[in-house]
Amino acid sequence: MADVHPLSDAAGGPLRVERFDDRVVATLNRPEKRNAIDQATIDALHLLCAELEAIPRILILTGAGGVFASGADIGELRERRAADARRGINANAFVRVHELPMPVIAALDGYALGGGAELAYAADIRIATPRLRIGNPETGLGIIAAAGASWRLKEIVGEARAIELLLTGRAVGADEARDLGLVTEVHPVDELLPAAHAIADRIAANDRAATIATKRVFRAPRAEHPAVDLETQADLFESPEKFRRMTEFLERRQKR
């Protein structure tokens with residue numbers, strides 16, 4: 001049974017959180033502002049990350065009201081100055097999301113623009129509805145995409161595509177996003193969250209330690225390979241869960 005986080009109480013909060021044994025569903029919850037990411041949203045993300053760092057679980061990120069996130073809150077952003085930029089208010093929160101021990105799945109509907117796109121880029125897996133519009137229009141507002149797009153986007157779609165998207169500021173739809181590799185699946189609106197849960201189910205069926213290890217090794221710098229792979233594998237080779245799962249596999253095969 002899901003436990004609803006106090007941030008989603010009747011007074012309203014920027015992040016609605018439902019907890020399950022093996023996953024957490026976090027919904028950006030400012031529909032009247034198209035889920036624009038403000039300081040309160042960032043604070044709530046930090047609280048959630050602290051929880052998931054202490055008790056690792058899969059995270060599904062989505063948005064309320066048919067929108068993922070229309071961007072950073074421009075009202076707040078307009079008032080920020082050089083010192084605020086250097087603090088990396090959004091960037092540091094999104095780095096923390098990206099570095100969570102267990103996988104992060106972004107379920108994207110409607111707009112995922114600016115900071116909303118950058119939060120989506122911080123996920124490990126992104127899926128969408130046909131209504132998706134994702135991109136980084138920051139240069140049109142006199143700033144750059146400084147919360148992850150300038151380095152993550154080229155890792156996702158390659159340098160040529162990334163720089164074209166960043167310099168033009170254009171948003172792409174669901175089909176182009178899938179062609180570019182920005183999202184891996186497109187589902188009807190009413191099937192988006194079930195599809196995200198289906199991915200989480202597949203992940204949760206695997207060994208938790210191996211999943212955490214896979215994400216950590218995948219993120220390691222190229223220079224650390226293959227040493228990081230071999231040391232991680234050495235630890236897993238001694239785990240009781242490895243012996244249990246492999247024994248069950250061999251027993252099933254013998255019964256065929």
# chains A, B, ... in the order shown; residues from 1 in each chain; ligands from 1
call {"tool": "closest_atom_pairs", "arguments": {"of": "region 21-47 of chain A", "to": "region 197-202 of chain A", "cutoff": "12 Å", "atoms": "only C-alpha atoms", "output": "Markdown table"}}
result
| residue | atom | partner | partner_atom | distance |
| --- | --- | --- | --- | --- |
| A:Asp21 | CA | A:Asp201 | CA | 11.6 |
| A:Asp22 | CA | A:Ala200 | CA | 8.6 |
| A:Arg23 | CA | A:Ala200 | CA | 7.6 |
| A:Val24 | CA | A:Ala200 | CA | 10.0 |
| A:Val25 | CA | A:His197 | CA | 9.3 |
call {"tool": "write_last_selection", "arguments": {"atoms": "N, CA, C and O atoms", "output": "PDB file, in the first residue's frame"}}
result
ATOM      1  N   ASP A  21       7.306  -0.796  -1.711  1.00  0.00           N
ATOM      2  CA  ASP A  21       8.439  -1.531  -1.157  1.00  0.00           C
ATOM      3  C   ASP A  21       9.696  -1.386  -2.003  1.00  0.00           C
ATOM      4  O   ASP A  21      10.806  -1.259  -1.470  1.00  0.00           O
ATOM      5  N   ASP A  22       9.533  -1.422  -3.335  1.00  0.00           N
ATOM      6  CA  ASP A  22      10.718  -1.448  -4.202  1.00  0.00           C
ATOM      7  C   ASP A  22      10.860  -0.212  -5.077  1.00  0.00           C
ATOM      8  O   ASP A  22      11.781  -0.133  -5.881  1.00  0.00           O
ATOM      9  N   ARG A  23       9.934   0.753  -4.954  1.00  0.00           N
ATOM     10  CA  ARG A  23       9.993   1.943  -5.801  1.00  0.00           C
ATOM     11  C   ARG A  23       9.280   3.115  -5.152  1.00  0.00           C
ATOM     12  O   ARG A  23       8.498   2.943  -4.211  1.00  0.00           O
ATOM     13  N   VAL A  24       9.544   4.281  -5.702  1.00  0.00           N
ATOM     14  CA  VAL A  24       8.883   5.515  -5.292  1.00  0.00           C
ATOM     15  C   VAL A  24       8.410   6.216  -6.556  1.00  0.00           C
ATOM     16  O   VAL A  24       9.133   6.267  -7.549  1.00  0.00           O
ATOM     17  N   VAL A  25       7.187   6.720  -6.530  1.00  0.00           N
ATOM     18  CA  VAL A  25       6.663   7.520  -7.640  1.00  0.00           C
ATOM     19  C   VAL A  25       6.587   8.960  -7.155  1.00  0.00           C
ATOM     20  O   VAL A  25       5.884   9.259  -6.186  1.00  0.00           O
TER      21      VAL A  25
END
call {"tool": "select_by_dssp", "arguments": {"residues": "region 47-76 of chain A", "states": "helix (DSSP H, G or I)", "output": "ChimeraX atom specification"}}
result
/A:47-54,74-76
call {"tool": "write_last_selection", "arguments": {"atoms": "N, CA, C and O atoms", "output": "PDB file, in the first residue's frame"}}
result
ATOM      1  N   LEU A  47      15.161  16.481  -0.500  1.00  0.00           N
ATOM      2  CA  LEU A  47      14.649  15.625   0.576  1.00  0.00           C
ATOM      3  C   LEU A  47      14.418  14.202   0.073  1.00  0.00           C
ATOM      4  O   LEU A  47      14.757  13.224   0.751  1.00  0.00           O
ATOM      5  N   LEU A  48      13.839  14.090  -1.104  1.00  0.00           N
ATOM      6  CA  LEU A  48      13.584  12.768  -1.673  1.00  0.00           C
ATOM      7  C   LEU A  48      14.888  12.042  -1.968  1.00  0.00           C
ATOM      8  O   LEU A  48      15.009  10.840  -1.698  1.00  0.00           O
ATOM      9  N   CYS A  49      15.861  12.753  -2.520  1.00  0.00           N
ATOM     10  CA  CYS A  49      17.149  12.115  -2.811  1.00  0.00           C
ATOM     11  C   CYS A  49      17.827  11.616  -1.534  1.00  0.00           C
ATOM     12  O   CYS A  49      18.413  10.526  -1.529  1.00  0.00           O
ATOM     13  N   ALA A  50      17.749  12.399  -0.473  1.00  0.00           N
ATOM     14  CA  ALA A  50      18.342  11.956   0.797  1.00  0.00           C
ATOM     15  C   ALA A  50      17.717  10.647   1.250  1.00  0.00           C
ATOM     16  O   ALA A  50      18.399   9.740   1.737  1.00  0.00           O
ATOM     17  N   GLU A  51      16.404  10.537   1.074  1.00  0.00           N
ATOM     18  CA  GLU A  51      15.703   9.306   1.444  1.00  0.00           C
ATOM     19  C   GLU A  51      16.150   8.127   0.581  1.00  0.00           C
ATOM     20  O   GLU A  51      16.397   7.025   1.078  1.00  0.00           O
ATOM     21  N   LEU A  52      16.268   8.362  -0.728  1.00  0.00           N
ATOM     22  CA  LEU A  52      16.605   7.267  -1.646  1.00  0.00           C
ATOM     23  C   LEU A  52      18.087   6.932  -1.635  1.00  0.00           C
ATOM     24  O   LEU A  52      18.478   5.853  -2.081  1.00  0.00           O
ATOM     25  N   GLU A  53      18.905   7.817  -1.138  1.00  0.00           N
ATOM     26  CA  GLU A  53      20.314   7.488  -0.896  1.00  0.00           C
ATOM     27  C   GLU A  53      20.444   6.591   0.326  1.00  0.00           C
ATOM     28  O   GLU A  53      21.265   5.668   0.355  1.00  0.00           O
ATOM     29  N   ALA A  54      19.613   6.846   1.336  1.00  0.00           N
ATOM     30  CA  ALA A  54      19.649   6.045   2.561  1.00  0.00           C
ATOM     31  C   ALA A  54      18.973   4.691   2.374  1.00  0.00           C
ATOM     32  O   ALA A  54      19.446   3.675   2.889  1.00  0.00           O
ATOM     33  N   ILE A  74      10.180  30.982 -14.222  1.00  0.00           N
ATOM     34  CA  ILE A  74      10.792  32.178 -14.786  1.00  0.00           C
ATOM     35  C   ILE A  74      10.707  33.363 -13.823  1.00  0.00           C
ATOM     36  O   ILE A  74      11.615  34.200 -13.778  1.00  0.00           O
ATOM     37  N   GLY A  75       9.644  33.421 -13.037  1.00  0.00           N
ATOM     38  CA  GLY A  75       9.525  34.502 -12.055  1.00  0.00           C
ATOM     39  C   GLY A  75      10.690  34.501 -11.082  1.00  0.00           C
ATOM     40  O   GLY A  75      11.259  35.556 -10.763  1.00  0.00           O
ATOM     41  N   GLU A  76      11.063  33.306 -10.601  1.00  0.00           N
ATOM     42  CA  GLU A  76      12.213  33.197  -9.706  1.00  0.00           C
ATOM     43  C   GLU A  76      13.511  33.381 -10.476  1.00  0.00           C
ATOM     44  O   GLU A  76      14.438  34.048 -10.006  1.00  0.00           O
TER      45      GLU A  76
END
call {"tool": "select_by_dssp", "arguments": {"residues": "region 108-242 of chain A", "states": "strand (DSSP E)", "output": "list in words"}}
result
Leu108, Tyr111, Ala112, Leu113, Ile125, Arg126, Ile127, Ala128, Arg133, Ile134, Gly135, Ala171, Val172, Gly173, Glu185 and Val186 of chain A
call {"tool": "write_last_selection", "arguments": {"atoms": "N, CA, C and O atoms", "output": "PDB file, in the first residue's frame"}}
result
ATOM      1  N   LEU A 108       7.256  10.950 -19.258  1.00  0.00           N
ATOM      2  CA  LEU A 108       7.087  12.311 -19.747  1.00  0.00           C
ATOM      3  C   LEU A 108       5.799  12.474 -20.545  1.00  0.00           C
ATOM      4  O   LEU A 108       5.573  11.761 -21.521  1.00  0.00           O
ATOM      5  N   TYR A 111       4.724  19.035 -21.962  1.00  0.00           N
ATOM      6  CA  TYR A 111       5.961  19.801 -22.015  1.00  0.00           C
ATOM      7  C   TYR A 111       7.023  19.267 -21.059  1.00  0.00           C
ATOM      8  O   TYR A 111       6.760  18.984 -19.895  1.00  0.00           O
ATOM      9  N   ALA A 112       8.244  19.160 -21.577  1.00  0.00           N
ATOM     10  CA  ALA A 112       9.445  18.937 -20.767  1.00  0.00           C
ATOM     11  C   ALA A 112      10.482  19.889 -21.341  1.00  0.00           C
ATOM     12  O   ALA A 112      11.273  19.536 -22.218  1.00  0.00           O
ATOM     13  N   LEU A 113      10.443  21.120 -20.889  1.00  0.00           N
ATOM     14  CA  LEU A 113      11.236  22.187 -21.485  1.00  0.00           C
ATOM     15  C   LEU A 113      12.211  22.781 -20.477  1.00  0.00           C
ATOM     16  O   LEU A 113      11.952  22.783 -19.270  1.00  0.00           O
ATOM     17  N   ILE A 125      16.289   6.207 -17.681  1.00  0.00           N
ATOM     18  CA  ILE A 125      15.371   5.744 -18.729  1.00  0.00           C
ATOM     19  C   ILE A 125      14.271   6.783 -18.869  1.00  0.00           C
ATOM     20  O   ILE A 125      13.732   7.269 -17.865  1.00  0.00           O
ATOM     21  N   ARG A 126      13.946   7.125 -20.113  1.00  0.00           N
ATOM     22  CA  ARG A 126      12.872   8.090 -20.372  1.00  0.00           C
ATOM     23  C   ARG A 126      11.860   7.462 -21.319  1.00  0.00           C
ATOM     24  O   ARG A 126      12.244   6.910 -22.368  1.00  0.00           O
ATOM     25  N   ILE A 127      10.574   7.554 -20.968  1.00  0.00           N
ATOM     26  CA  ILE A 127       9.494   7.141 -21.851  1.00  0.00           C
ATOM     27  C   ILE A 127       8.520   8.308 -21.943  1.00  0.00           C
ATOM     28  O   ILE A 127       8.566   9.230 -21.122  1.00  0.00           O
ATOM     29  N   ALA A 128       7.640   8.287 -22.960  1.00  0.00           N
ATOM     30  CA  ALA A 128       6.819   9.463 -23.209  1.00  0.00           C
ATOM     31  C   ALA A 128       5.467   9.096 -23.774  1.00  0.00           C
ATOM     32  O   ALA A 128       5.217   7.951 -24.162  1.00  0.00           O
ATOM     33  N   ARG A 133       6.665  17.369 -25.805  1.00  0.00           N
ATOM     34  CA  ARG A 133       7.464  18.408 -26.458  1.00  0.00           C
ATOM     35  C   ARG A 133       8.644  18.670 -25.533  1.00  0.00           C
ATOM     36  O   ARG A 133       8.470  19.167 -24.415  1.00  0.00           O
ATOM     37  N   ILE A 134       9.850  18.304 -25.976  1.00  0.00           N
ATOM     38  CA  ILE A 134      11.019  18.380 -25.118  1.00  0.00           C
ATOM     39  C   ILE A 134      12.113  19.188 -25.802  1.00  0.00           C
ATOM     40  O   ILE A 134      12.360  19.031 -26.997  1.00  0.00           O
ATOM     41  N   GLY A 135      12.751  20.072 -25.046  1.00  0.00           N
ATOM     42  CA  GLY A 135      13.813  20.884 -25.618  1.00  0.00           C
ATOM     43  C   GLY A 135      14.321  21.920 -24.641  1.00  0.00           C
ATOM     44  O   GLY A 135      13.852  22.016 -23.505  1.00  0.00           O
ATOM     45  N   ALA A 171      12.055  22.643 -29.704  1.00  0.00           N
ATOM     46  CA  ALA A 171      11.534  21.483 -28.991  1.00  0.00           C
ATOM     47  C   ALA A 171      11.183  20.404 -30.004  1.00  0.00           C
ATOM     48  O   ALA A 171      10.760  20.707 -31.127  1.00  0.00           O
ATOM     49  N   VAL A 172      11.365  19.150 -29.630  1.00  0.00           N
ATOM     50  CA  VAL A 172      11.031  18.038 -30.514  1.00  0.00           C
ATOM     51  C   VAL A 172       9.844  17.276 -29.950  1.00  0.00           C
ATOM     52  O   VAL A 172       9.611  17.259 -28.745  1.00  0.00           O
ATOM     53  N   GLY A 173       9.098  16.649 -30.843  1.00  0.00           N
ATOM     54  CA  GLY A 173       7.961  15.844 -30.446  1.00  0.00           C
ATOM     55  C   GLY A 173       8.371  14.431 -30.096  1.00  0.00           C
ATOM     56  O   GLY A 173       9.550  14.057 -30.168  1.00  0.00           O
ATOM     57  N   GLU A 185      10.564   4.710 -25.457  1.00  0.00           N
ATOM     58  CA  GLU A 185       9.231   4.189 -25.747  1.00  0.00           C
ATOM     59  C   GLU A 185       8.236   5.339 -25.779  1.00  0.00           C
ATOM     60  O   GLU A 185       8.400   6.334 -25.065  1.00  0.00           O
ATOM     61  N   VAL A 186       7.186   5.190 -26.603  1.00  0.00           N
ATOM     62  CA  VAL A 186       6.072   6.140 -26.632  1.00  0.00           C
ATOM     63  C   VAL A 186       4.786   5.362 -26.401  1.00  0.00           C
ATOM     64  O   VAL A 186       4.528   4.357 -27.077  1.00  0.00           O
TER      65      VAL A 186
END
call {"tool": "residues_around", "arguments": {"residues": "Gly71 (chain A)", "least_positions_apart": "4", "cutoff": "8 Å", "atoms": "only C-alpha atoms", "output": "list in words"}}
result
Asn35, Ala36, Ile37, Ala112, Leu113, Gly114, Gly115, Gly116 and Ala117 of chain A
call {"tool": "write_last_selection", "arguments": {"atoms": "N, CA and C atoms", "output": "short mmCIF file (atom, residue, chain, number, x, y, z; two decimals), in the first residue's frame"}}
result
data_model
loop_
_atom_site.label_atom_id
_atom_site.label_comp_id
_atom_site.auth_asym_id
_atom_site.auth_seq_id
_atom_site.Cartn_x
_atom_site.Cartn_y
_atom_site.Cartn_z
N ASN A 35 3.85 22.89 -13.73
CA ASN A 35 4.90 22.20 -12.99
C ASN A 35 6.26 22.87 -13.14
N ALA A 36 6.27 24.20 -13.31
CA ALA A 36 7.53 24.93 -13.36
C ALA A 36 8.33 24.66 -12.09
N ILE A 37 9.62 24.45 -12.26
CA ILE A 37 10.48 24.03 -11.15
C ILE A 37 10.95 25.26 -10.38
N ALA A 112 8.24 19.16 -21.58
CA ALA A 112 9.45 18.94 -20.77
C ALA A 112 10.48 19.89 -21.34
N LEU A 113 10.44 21.12 -20.89
CA LEU A 113 11.24 22.19 -21.49
C LEU A 113 12.21 22.78 -20.48
N GLY A 114 13.33 23.29 -20.98
CA GLY A 114 14.29 23.96 -20.11
C GLY A 114 14.71 23.08 -18.96
N GLY A 115 14.50 23.57 -17.74
CA GLY A 115 14.85 22.78 -16.56
C GLY A 115 14.08 21.48 -16.48
N GLY A 116 12.87 21.45 -17.04
CA GLY A 116 12.12 20.19 -17.08
C GLY A 116 12.80 19.17 -17.95
N ALA A 117 13.32 19.60 -19.10
CA ALA A 117 14.08 18.69 -19.96
C ALA A 117 15.34 18.22 -19.25
#
call {"tool": "residues_around", "arguments": {"residues": "Leu236 (chain A)", "least_positions_apart": "2", "cutoff": "12 Å", "atoms": "only C-alpha atoms", "output": "ChimeraX atom specification"}}
result
/A:207-214,229-234,238-243,245
call {"tool": "write_last_selection", "arguments": {"atoms": "C-alpha atoms", "output": "short mmCIF file (atom, residue, chain, number, x, y, z; two decimals), in the first residue's frame"}}
result
data_model
loop_
_atom_site.label_atom_id
_atom_site.label_comp_id
_atom_site.auth_asym_id
_atom_site.auth_seq_id
_atom_site.Cartn_x
_atom_site.Cartn_y
_atom_site.Cartn_z
CA ASP A 207 19.22 -8.72 -8.04
CA ARG A 208 19.23 -5.36 -6.27
CA ALA A 209 22.99 -5.39 -5.60
CA ALA A 210 23.74 -6.23 -9.22
CA THR A 211 21.43 -3.45 -10.40
CA ILE A 212 23.13 -0.87 -8.18
CA ALA A 213 26.52 -2.14 -9.32
CA THR A 214 25.54 -1.99 -13.00
CA ASP A 229 34.13 -3.84 -13.85
CA LEU A 230 36.43 -6.56 -12.58
CA GLU A 231 36.50 -5.39 -8.97
CA THR A 232 32.72 -5.02 -8.91
CA GLN A 233 32.29 -8.45 -10.47
CA ALA A 234 34.67 -9.93 -7.88
CA GLU A 238 31.08 -13.89 -3.64
CA SER A 239 27.48 -12.86 -2.94
CA PRO A 240 24.99 -15.45 -1.65
CA GLU A 241 22.38 -14.05 -4.04
CA LYS A 242 24.57 -14.91 -7.04
CA PHE A 243 24.79 -18.54 -5.89
CA ARG A 245 19.99 -17.26 -8.51
#
call {"tool": "closest_atom_pairs", "arguments": {"of": "region 164-200 of chain A", "to": "region 142-152 of chain A", "cutoff": "10 Å", "atoms": "only C-alpha atoms", "output": "tab-separated table"}}
result
residue	atom	partner	partner_atom	distance
A:Leu165	CA	A:Ala149	CA	10.0
A:Leu166	CA	A:Ala145	CA	7.7
A:Leu167	CA	A:Ile144	CA	9.5
A:Gly169	CA	A:Ala145	CA	9.7
call {"tool": "write_last_selection", "arguments": {"atoms": "N, CA and C atoms", "output": "PDB file, in the first residue's frame"}}
result
ATOM      1  N   LEU A 165      20.248  21.244 -31.254  1.00  0.00           N
ATOM      2  CA  LEU A 165      19.091  21.478 -30.393  1.00  0.00           C
ATOM      3  C   LEU A 165      19.346  22.619 -29.417  1.00  0.00           C
ATOM      4  N   LEU A 166      20.546  22.687 -28.868  1.00  0.00           N
ATOM      5  CA  LEU A 166      20.846  23.727 -27.890  1.00  0.00           C
ATOM      6  C   LEU A 166      20.942  25.102 -28.542  1.00  0.00           C
ATOM      7  N   LEU A 167      21.510  25.177 -29.732  1.00  0.00           N
ATOM      8  CA  LEU A 167      21.678  26.473 -30.385  1.00  0.00           C
ATOM      9  C   LEU A 167      20.378  26.998 -30.985  1.00  0.00           C
ATOM     10  N   GLY A 169      17.329  25.985 -29.911  1.00  0.00           N
ATOM     11  CA  GLY A 169      16.324  26.050 -28.851  1.00  0.00           C
ATOM     12  C   GLY A 169      15.013  25.400 -29.218  1.00  0.00           C
TER      13      GLY A 169
END
call {"tool": "closest_residue", "arguments": {"among": "A:Glu176, A:Asp73, A:Glu138, A:Asp43", "to": "Phe94 (chain A)", "atoms": "only C-alpha atoms"}}
result
A:Asp43
call {"tool": "closest_residue", "arguments": {"among": "A:Met102, A:Ala220, A:Ala204, A:Leu153", "to": "Glu118 (chain A)", "atoms": "only C-alpha atoms"}}
result
A:Leu153
call {"tool": "atom_distance", "arguments": {"atom1": "CA of Glu164 (chain A)", "atom2": "CA of Ala120 (chain A)"}}
result
18.7 Å
call {"tool": "closest_residue", "arguments": {"among": "A:Lys33, A:Asp124, A:Leu141, A:Ala223", "to": "Arg78 (chain A)", "atoms": "only C-alpha atoms"}}
result
A:Leu141
call {"tool": "residues_around", "arguments": {"residues": "Ile156 (chain A)", "least_positions_apart": "5", "cutoff": "10 Å", "atoms": "only C-alpha atoms", "output": "PyMOL selection string"}}
result
chain A and resi 121+149+151+161-162+180-183
